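J.: Here's a structure for you.
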There are 2 protein chains.
Amino acid sequence: MEGVEIMGLQSLYDKLAESNYKLTPQRRAILQVLEDNQGEHLSAEQIFFMVRSRLPNIGIATVYRTLELFAGLGLLRKTSFDEGKFRYEFDDVDRHRHHHLVCLQCGKIVEIEEDLLQQLEREVEKKGFQVIDHSLVIYGRCPSCK
Amino acid sequence: MEGVEIMGLQSLYDKLAESNYKLTPQRRAILQVLEDNQGEHLSAEQIFFMVRSRLPNIGIATVYRTLELFAGLGLLRKTSFDEGKFRYEFDDVDRHRHHHLVCLQCGKIVEIEEDLLQQLEREVEKKGFQVIDHSLVIYGRCPSCK
DNA sequence: GTCATTGCAAATTTTTTGCACTGCA
DNA sequence: TGCAGTGCAAAAAATTTGCAATGAC
């Protein structure tokens, strides 16, 4: 349940450069917003409004294109919490995907670090399905809503 | 991995009637399509096209309204598999939510019956989060794609 | 200077809503 | 026969695309 260790912004910049993508002010600002809000799970629209306070002229298409690019590079994870839209968060390539607790009352989304799915994955692999990734979302009520 | 036992169509009809909803031909046809495709995870559009072969004049708004109604009654579960749209399937109220395996290669979605999450849920509850439901999706490659 | 990237606006895709008409209980 | 339910068309919400102009390297 503790904070997530992610690579610094600098290494994110490096990773972009490695891939021959330009580090434009728009991309820098979007990365900055994501870093400033680690632990949140922001929608494209939320990111757009936050980035606009730095870059008032940015278009929402740029935000979408950038998020898509970052997700493709493995920098971000794009997840649906069954709300009809996507949310984005940093993705730590070294770590197994973490899981989420969604409070059905206040909507808060928090992370769980434990990975107790390995046994389940072994069962699944026994049946011939090669596991590449998984997504676990637990719905309920968070401590403060109880 | 085996087929899901659900209540017969008749008890679904009863459940609708109990709730004072009318059993219109549209609703009947949508239920029928869902029953004919158990194990599939159909999108609203797929259901629309399938129902249209029985009721050519049905509107897609009716499909959406009906699916929303059924989901509200607990007859259906509405899930997002990170594709930007929802998919619907029968929901067995007596059974714990089952989980899904999504093949990243052919897109096939199959179900797993095992519920090995109870231990994880106990861990989560220890931390003060009341678990109401959960959703587990495992991504990988199915036996025939390997 | 080049070409990837951007902003804008228009298009697409998915879902929802308003409203007059219809047909089920 | 009343009012829930429907079809249609338009609106809304989320995302994508086309294109001329721009600016990072």
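Starting from 1 in every chain, residues are counted up; chains themselves are A, B, ... following the order of the structure tokens, and ligands are numbered from 1 as listed.
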Name the residues in contact with region 42-48 of chain B at a cut-off of 10 Å, using only C-alpha atoms (C1' of nucleotides), excluding same-chain residues fewer than 2 positions from it; report them as an NGL selection string.
T.: (:B and (29-31 or 33-34 or 37-40 or 50-53 or 55-56 or 58-64 or 67 or 78-80 or 85-89)) or (:C and (14-15))
J.: Which residues come within 8 Å of DC24 (chain C), counting only C-alpha atoms (C1' of nucleotides), excluding same-chain residues fewer than 5 positions away, as JSON, numbers by chain?
T.: {"B": [22, 23, 24]}
J.: Please give the complete set of residues from chain B that DSSP, run on the backbone, assigns to alpha helix (DSSP H), formatted as number ranges by chain.
T.: B: 9-18, 25-36, 44-52, 60-72, 118-126
J.: Could you pull the residues within 12 Å of Ser19 (chain A), counting only C-alpha atoms (C1' of nucleotides), minus those fewer than 5 positions along the same chain, as a PyMOL selection string?
T.: chain A and resi 12-14+69-70+72-75
J.: For chain B, which residues have at least one atom within 7 Å of chain A, if we go by only C-alpha atoms? Write them as a ChimeraX atom specification, please.
T.: /B:79-80,82,84-85,116,120,128-143
J.: Here is a test: counting only C-alpha atoms (C1' of nucleotides), which residue of B:His41, B:Arg65, B:Arg54, B:Lys15 is nearest to DG5 (chain D)?
T.: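 Distance minimum relative to DG5 (chain D) lands on B:Arg65.
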